[in-house]
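A.B. asks: One file: work.cif (mmCIF, C-alpha atoms and all ligand atoms).
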data_my_file
#
loop_
_atom_site.label_atom_id
_atom_site.label_comp_id
_atom_site.auth_asym_id
_atom_site.auth_seq_id
_atom_site.Cartn_x
_atom_site.Cartn_y
_atom_site.Cartn_z
CA MET F 1 -53.80 -53.62 -31.34
CA SER F 2 -56.86 -54.67 -29.44
CA LEU F 3 -58.19 -53.27 -26.19
CA GLN F 4 -56.04 -55.75 -24.28
CA GLY F 5 -52.28 -55.29 -24.07
CA ASP F 6 -49.47 -53.49 -22.33
CA TYR F 7 -48.65 -49.78 -22.49
CA ASP F 8 -45.61 -49.22 -24.74
CA SER F 9 -43.51 -46.37 -23.33
CA GLN F 10 -41.88 -45.92 -26.76
CA ASN F 11 -45.10 -44.74 -28.42
CA ILE F 12 -44.80 -41.36 -30.16
CA PHE F 13 -46.95 -39.44 -27.66
CA ALA F 14 -44.91 -40.76 -24.71
CA LYS F 15 -41.80 -39.52 -26.56
CA ILE F 16 -43.42 -36.11 -27.05
CA ILE F 17 -44.23 -35.91 -23.33
CA ARG F 18 -40.60 -36.76 -22.45
CA GLY F 19 -39.32 -34.18 -24.94
CA GLU F 20 -37.75 -36.88 -27.12
CA ALA F 21 -39.91 -35.97 -30.13
CA PRO F 22 -41.11 -32.55 -31.30
CA CYS F 23 -44.64 -31.24 -31.42
CA TYR F 24 -46.52 -28.02 -32.20
CA LYS F 25 -47.54 -27.38 -28.60
CA VAL F 26 -50.47 -25.05 -27.98
CA TYR F 27 -51.09 -25.66 -24.26
CA GLU F 28 -49.38 -27.43 -21.36
CA ASP F 29 -49.80 -27.67 -17.61
CA ASP F 30 -48.70 -30.21 -14.97
CA ASP F 31 -51.25 -32.76 -16.13
CA VAL F 32 -51.88 -32.34 -19.85
CA LEU F 33 -50.32 -31.40 -23.15
CA ALA F 34 -52.19 -30.13 -26.23
CA PHE F 35 -50.58 -30.02 -29.66
CA LEU F 36 -51.52 -29.80 -33.33
CA ASP F 37 -52.23 -32.99 -35.25
CA LEU F 38 -49.63 -33.49 -38.00
CA PHE F 39 -52.26 -35.02 -40.31
CA PRO F 40 -55.18 -32.70 -39.58
CA GLN F 41 -58.71 -33.54 -40.58
CA SER F 42 -59.40 -29.82 -40.63
CA TYR F 43 -57.55 -26.57 -39.97
CA GLY F 44 -57.09 -26.43 -36.19
CA HIS F 45 -57.22 -30.18 -35.47
CA THR F 46 -55.67 -30.47 -32.01
CA LEU F 47 -54.87 -33.39 -29.72
CA VAL F 48 -55.00 -33.39 -25.91
CA ILE F 49 -53.10 -36.02 -23.93
CA PRO F 50 -52.58 -36.72 -20.23
CA LYS F 51 -48.92 -36.50 -19.15
CA LYS F 52 -48.96 -38.66 -16.02
CA ALA F 53 -51.12 -41.61 -17.11
CA ALA F 54 -49.49 -44.60 -18.78
CA ALA F 55 -52.87 -45.47 -20.25
CA ARG F 56 -53.59 -46.71 -23.75
CA ASN F 57 -57.28 -45.95 -23.69
CA LEU F 58 -60.39 -44.84 -21.81
CA LEU F 59 -60.64 -48.15 -19.97
CA GLU F 60 -57.21 -47.72 -18.38
CA ILE F 61 -56.95 -44.05 -17.47
CA ASP F 62 -57.26 -43.03 -13.80
CA ALA F 63 -60.05 -40.69 -12.76
CA ASP F 64 -57.85 -37.70 -11.99
CA SER F 65 -56.05 -37.79 -15.35
CA LEU F 66 -59.39 -38.23 -17.11
CA CYS F 67 -60.80 -35.17 -15.34
CA GLN F 68 -57.75 -33.05 -16.12
CA MET F 69 -57.75 -34.14 -19.77
CA THR F 70 -61.45 -33.36 -20.14
CA LEU F 71 -61.08 -29.92 -18.56
CA ALA F 72 -58.19 -29.18 -20.91
CA VAL F 73 -60.29 -30.30 -23.89
CA GLN F 74 -62.93 -27.76 -22.91
CA LYS F 75 -60.32 -25.03 -22.48
CA VAL F 76 -58.67 -25.70 -25.84
CA THR F 77 -62.03 -26.07 -27.59
CA ARG F 78 -63.10 -22.66 -26.30
CA ALA F 79 -59.88 -21.12 -27.63
CA LEU F 80 -60.25 -22.87 -31.00
CA VAL F 81 -63.82 -21.68 -31.39
CA GLU F 82 -62.96 -18.10 -30.47
CA GLU F 83 -59.94 -18.02 -32.76
CA LEU F 84 -61.19 -19.97 -35.78
CA GLN F 85 -64.98 -19.50 -35.58
CA PRO F 86 -65.92 -22.95 -36.94
CA ALA F 87 -69.58 -23.87 -37.43
CA GLY F 88 -69.11 -26.93 -35.19
CA VAL F 89 -66.49 -28.84 -33.23
CA GLN F 90 -66.05 -32.59 -33.07
CA VAL F 91 -64.45 -34.07 -29.94
CA ALA F 92 -63.45 -37.69 -30.53
CA GLN F 93 -61.58 -40.48 -28.81
CA PHE F 94 -60.85 -43.97 -30.20
CA ASN F 95 -60.15 -47.17 -28.25
CA GLY F 96 -58.40 -50.06 -30.01
CA ALA F 97 -57.29 -50.38 -33.64
CA PRO F 98 -60.68 -51.63 -34.90
CA ALA F 99 -62.18 -48.38 -33.54
CA GLY F 100 -59.64 -46.27 -35.44
CA GLN F 101 -56.92 -45.87 -32.80
CA THR F 102 -53.40 -45.64 -34.22
CA VAL F 103 -51.40 -44.20 -31.32
CA PHE F 104 -51.72 -46.13 -28.08
CA HIS F 105 -51.44 -43.36 -25.51
CA ILE F 106 -54.93 -42.09 -24.75
CA HIS F 107 -55.75 -38.84 -26.51
CA MET F 108 -58.73 -36.72 -27.47
CA HIS F 109 -59.18 -35.09 -30.86
CA ILE F 110 -60.62 -31.59 -31.13
CA ILE F 111 -61.64 -31.00 -34.75
CA PRO F 112 -63.19 -27.76 -35.99
CA ARG F 113 -65.93 -28.57 -38.49
CA HIS F 114 -67.45 -26.47 -41.22
CA GLU F 115 -70.70 -26.70 -43.16
CA GLY F 116 -70.49 -29.02 -46.14
CA GLU F 117 -67.21 -30.71 -45.16
CA SER F 118 -67.17 -34.50 -45.23
CA LEU F 119 -66.47 -36.22 -41.92
CA GLY F 120 -63.56 -38.66 -41.84
CA ILE F 121 -61.57 -40.13 -38.98
CA HIS F 122 -58.11 -40.03 -40.56
CA ALA F 123 -56.42 -37.71 -43.03
CA SER F 124 -53.64 -38.84 -45.34
CA GLN F 125 -51.99 -35.49 -45.99
CA LYS F 126 -49.35 -34.08 -43.69
CA ALA F 127 -49.84 -30.42 -42.80
CA ASP F 128 -47.48 -27.75 -44.07
CA PRO F 129 -45.01 -26.97 -41.22
CA VAL F 130 -45.18 -23.22 -41.92
CA GLU F 131 -48.96 -23.30 -41.63
CA LEU F 132 -48.74 -25.33 -38.42
CA GLU F 133 -46.34 -22.80 -36.92
CA ARG F 134 -48.66 -19.91 -37.79
CA LEU F 135 -51.66 -21.73 -36.36
CA GLN F 136 -49.70 -22.66 -33.23
CA ALA F 137 -48.86 -18.98 -32.62
CA ARG F 138 -52.51 -17.95 -33.02
CA LEU F 139 -53.77 -20.61 -30.61
CA VAL F 140 -51.06 -20.00 -28.01
CA ARG F 141 -51.93 -16.30 -28.05
CA ARG F 142 -55.63 -17.04 -27.74
CA LEU F 143 -55.13 -19.57 -24.92
CA ASN F 144 -52.90 -17.16 -23.02
CA SER F 145 -55.54 -14.46 -23.28
CA LEU F 146 -58.24 -16.84 -22.00
CA THR F 147 -56.20 -18.10 -19.05
CA ALA F 148 -54.72 -14.70 -18.10
P1 LIG Y 201 -55.87 -42.00 -33.36
O1 LIG Y 201 -56.25 -42.55 -34.70
O2 LIG Y 201 -57.08 -41.64 -32.54
O3 LIG Y 201 -54.92 -42.92 -32.61
O4 LIG Y 201 -55.14 -40.63 -33.61
C1 LIG Y 201 -53.78 -40.44 -33.65
C2 LIG Y 201 -53.56 -39.09 -34.26
O5 LIG Y 201 -52.24 -38.70 -34.01
C3 LIG Y 201 -53.75 -39.06 -35.77
O6 LIG Y 201 -54.72 -38.06 -36.09
C4 LIG Y 201 -52.37 -38.68 -36.31
O7 LIG Y 201 -52.43 -37.83 -37.42
C5 LIG Y 201 -51.76 -38.00 -35.12
N1 LIG Y 201 -50.30 -38.06 -35.00
C6 LIG Y 201 -49.49 -39.13 -35.13
N2 LIG Y 201 -48.20 -38.80 -34.86
C7 LIG Y 201 -48.22 -37.48 -34.54
C8 LIG Y 201 -47.22 -36.55 -34.14
N3 LIG Y 201 -45.92 -36.91 -34.05
N4 LIG Y 201 -47.58 -35.28 -33.88
C9 LIG Y 201 -48.87 -34.90 -33.99
N5 LIG Y 201 -49.87 -35.73 -34.36
C10 LIG Y 201 -49.55 -37.01 -34.62
#
Written as structure tokens, how would this file's structure read?

C.D. replies:
Amino acid sequence: MSLQGDYDSQNIFAKIIRGEAPCYKVYEDDDVLAFLDLFPQSYGHTLVIPKKAAARNLLEIDADSLCQMTLAVQKVTRALVEELQPAGVQVAQFNGAPAGQTVFHIHMHIIPRHEGESLGIHASQKADPVELERLQARLVRRLNSLTA
């Protein structure tokens, strides 16, 4: 899908927002939802999406949703760093299939990075659900302690 096109309300992230598909949620407020990536590029790979914007990409999102999403990215990144102590964190966002986008509801990737790891943009292996549940519990606890 190119940069041009219509928003498809049946995309998987829209279904997650509506509660029609499951996710490993780590943070939610009125404007945003953050959940674990099912095909993580590293342990802790988290996605942040706006809930109110029917936007496929950065070119379409309204200013308020963009601000709220960015603030949530900072909040979740702080929690990830405190909890997992990575050496670095990559924050990424792709627009259009040629740029690597596969889900056409705007989202930001937060990817803990460690020395010596190779950098990719997609992983082919699905995470172990038990591991995702454990990680979800750690991050929820950490986010609650930061926002309390
Ligand atoms: P992008 O390539 O930027 O469009 O990223 C989409 C990301 O969503 C990829 O990293 C996928 O692994 C991830 N993904 C796809 N479906 C799900 C899902 N149901 N729950 C969590 N992550 C997903």

A.B. asks: What's the 10 Å shell around segment 37-43 of chain F, counting only C-alpha atoms, without same-chain residues fewer than 6 positions away, as a JSON list (two decimals) with C-alpha atoms, in the coordinates of the input?

C.D. replies:
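What landed in out36.json:
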[["chain", "number", "residue", "atom", "x", "y", "z"],
["F", 23, "CYS", "CA", -44.64, -31.24, -31.42],
["F", 24, "TYR", "CA", -46.52, -28.02, -32.20],
["F", 25, "LYS", "CA", -47.54, -27.38, -28.60],
["F", 84, "LEU", "CA", -61.19, -19.97, -35.78],
["F", 86, "PRO", "CA", -65.92, -22.95, -36.94],
["F", 109, "HIS", "CA", -59.18, -35.09, -30.86],
["F", 110, "ILE", "CA", -60.62, -31.59, -31.13],
["F", 111, "ILE", "CA", -61.64, -31.00, -34.75],
["F", 112, "PRO", "CA", -63.19, -27.76, -35.99],
["F", 113, "ARG", "CA", -65.93, -28.57, -38.49],
["F", 114, "HIS", "CA", -67.45, -26.47, -41.22],
["F", 117, "GLU", "CA", -67.21, -30.71, -45.16],
["F", 118, "SER", "CA", -67.17, -34.50, -45.23],
["F", 119, "LEU", "CA", -66.47, -36.22, -41.92],
["F", 120, "GLY", "CA", -63.56, -38.66, -41.84],
["F", 121, "ILE", "CA", -61.57, -40.13, -38.98],
["F", 122, "HIS", "CA", -58.11, -40.03, -40.56],
["F", 123, "ALA", "CA", -56.42, -37.71, -43.03],
["F", 124, "SER", "CA", -53.64, -38.84, -45.34],
["F", 125, "GLN", "CA", -51.99, -35.49, -45.99],
["F", 126, "LYS", "CA", -49.35, -34.08, -43.69],
["F", 127, "ALA", "CA", -49.84, -30.42, -42.80],
["F", 128, "ASP", "CA", -47.48, -27.75, -44.07],
["F", 129, "PRO", "CA", -45.01, -26.97, -41.22],
["F", 131, "GLU", "CA", -48.96, -23.30, -41.63],
["F", 132, "LEU", "CA", -48.74, -25.33, -38.42],
["F", 135, "LEU", "CA", -51.66, -21.73, -36.36]]

A.B. asks: Take the point (-61.0, -36.3, -30.6) in the file's coordinates, draw a sphere of radius 9 Å around it, and report as a VMD selection string every protein, DNA or RNA residue with an atom inside or on it, counting all atoms listed in the file.

C.D. replies: chain F and resid 45 to 48 90 to 94 107 to 111

A.B. asks: So, counting all atoms listed in the file, which residue among F:Gln10, F:Glu83, F:Val140, F:Lys52 is closest to Asp64 of chain F?

C.D. replies: F:Lys52

A.B. asks: Using all atoms listed in the file, which residues sit within 12 Å of segment 16-21 of chain F once same-chain residues fewer than 4 positions away are excluded, as a list in words?

C.D. replies: Ser9, Gln10, Asn11, Ile12, Lys25, Glu28, Asp29, Asp30, Asp31, Val32, Leu33, Ala34, Phe35, Val48, Ile49, Pro50, Lys51, Lys52, Ala53, Ala54 and His105 of chain F

A.B. asks: With C-alpha atoms retained, write the just-selected residues as a PDB file, in the coordinates of the input.

C.D. replies:
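Listing of result14.pdb after writing:
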ATOM      1  CA  SER F   9     -43.510 -46.370 -23.330  1.00  0.00           C
ATOM      2  CA  GLN F  10     -41.880 -45.920 -26.760  1.00  0.00           C
ATOM      3  CA  ASN F  11     -45.100 -44.740 -28.420  1.00  0.00           C
ATOM      4  CA  ILE F  12     -44.800 -41.360 -30.160  1.00  0.00           C
ATOM      5  CA  LYS F  25     -47.540 -27.380 -28.600  1.00  0.00           C
ATOM      6  CA  GLU F  28     -49.380 -27.430 -21.360  1.00  0.00           C
ATOM      7  CA  ASP F  29     -49.800 -27.670 -17.610  1.00  0.00           C
ATOM      8  CA  ASP F  30     -48.700 -30.210 -14.970  1.00  0.00           C
ATOM      9  CA  ASP F  31     -51.250 -32.760 -16.130  1.00  0.00           C
ATOM     10  CA  VAL F  32     -51.880 -32.340 -19.850  1.00  0.00           C
ATOM     11  CA  LEU F  33     -50.320 -31.400 -23.150  1.00  0.00           C
ATOM     12  CA  ALA F  34     -52.190 -30.130 -26.230  1.00  0.00           C
ATOM     13  CA  PHE F  35     -50.580 -30.020 -29.660  1.00  0.00           C
ATOM     14  CA  VAL F  48     -55.000 -33.390 -25.910  1.00  0.00           C
ATOM     15  CA  ILE F  49     -53.100 -36.020 -23.930  1.00  0.00           C
ATOM     16  CA  PRO F  50     -52.580 -36.720 -20.230  1.00  0.00           C
ATOM     17  CA  LYS F  51     -48.920 -36.500 -19.150  1.00  0.00           C
ATOM     18  CA  LYS F  52     -48.960 -38.660 -16.020  1.00  0.00           C
ATOM     19  CA  ALA F  53     -51.120 -41.610 -17.110  1.00  0.00           C
ATOM     20  CA  ALA F  54     -49.490 -44.600 -18.780  1.00  0.00           C
ATOM     21  CA  HIS F 105     -51.440 -43.360 -25.510  1.00  0.00           C
TER      22      HIS F 105
END

A.B. asks: Given only C-alpha atoms as the basis, pick out the residue of F:Asn57, F:Gly5, F:Tyr27, F:Leu146 nearest to Gly100 of chain F.

C.D. replies: F:Asn57

A.B. asks: Counting only C-alpha atoms and all ligand atoms, which of F:Leu66, F:Val103, F:Ala87, F:Leu80 gets nearest to ligand LIG 201 (chain Y)?

C.D. replies: F:Val103

A.B. asks: Find the distance between atom C5 of ligand LIG 201 (chain Y) and atom CA of Gly44 of chain F and write it in Å to one decimal.

C.D. replies: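 Computed distance, atom C5 of ligand LIG 201 (chain Y) to atom CA of Gly44 of chain F, equals 12.8 Å.
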
A.B. asks: Distance atom CA of Ser145 of chain F-atom CA of Glu82 of chain F, one decimal place?

C.D. replies: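 That distance, rounded to one decimal, is 11.0 Å.
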
A.B. asks: Enter the distance from atom CA of Phe104 of chain F to atom CA of Leu3 of chain F, in Å, rounded to one decimal.

C.D. replies: 9.8 Å

A.B. asks: From the list F:Val89, F:Ile106, F:Cys67, F:Ala55, which residue is nearest ligand LIG 201 (chain Y) when using all atoms listed in the file?

C.D. replies: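 Distance minimum relative to ligand LIG 201 (chain Y) lands on F:Ile106.
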
A.B. asks: Of the residues F:Thr102, F:Pro22, F:Leu71, F:Phe13, which is the one nearest to ligand LIG 201 (chain Y), using all atoms listed in the file?

C.D. replies: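 Among the listed residues, the smallest separation from ligand LIG 201 (chain Y) belongs to F:Thr102.
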
A.B. asks: Box for ligand LIG 201 (chain Y): with edges along x, y and z, all listed atoms inside and 8 Å added on each side, what are the centre and edge lengths in Å to one decimal, as JSON?

C.D. replies:
{"center_x": -51.5, "center_y": -38.9, "center_z": -35.0, "size_x": 27.2, "size_y": 24.0, "size_z": 20.9}

A.B. asks: For each of F:Gln101, F:Gln68, F:Ser2, F:Thr77, take the minimum atom-to-atom distance to ligand LIG 201 (chain Y), counting all atoms listed in the file, then give the residue where this is smallest.

C.D. replies: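 The closest residue to ligand LIG 201 (chain Y) is F:Gln101.
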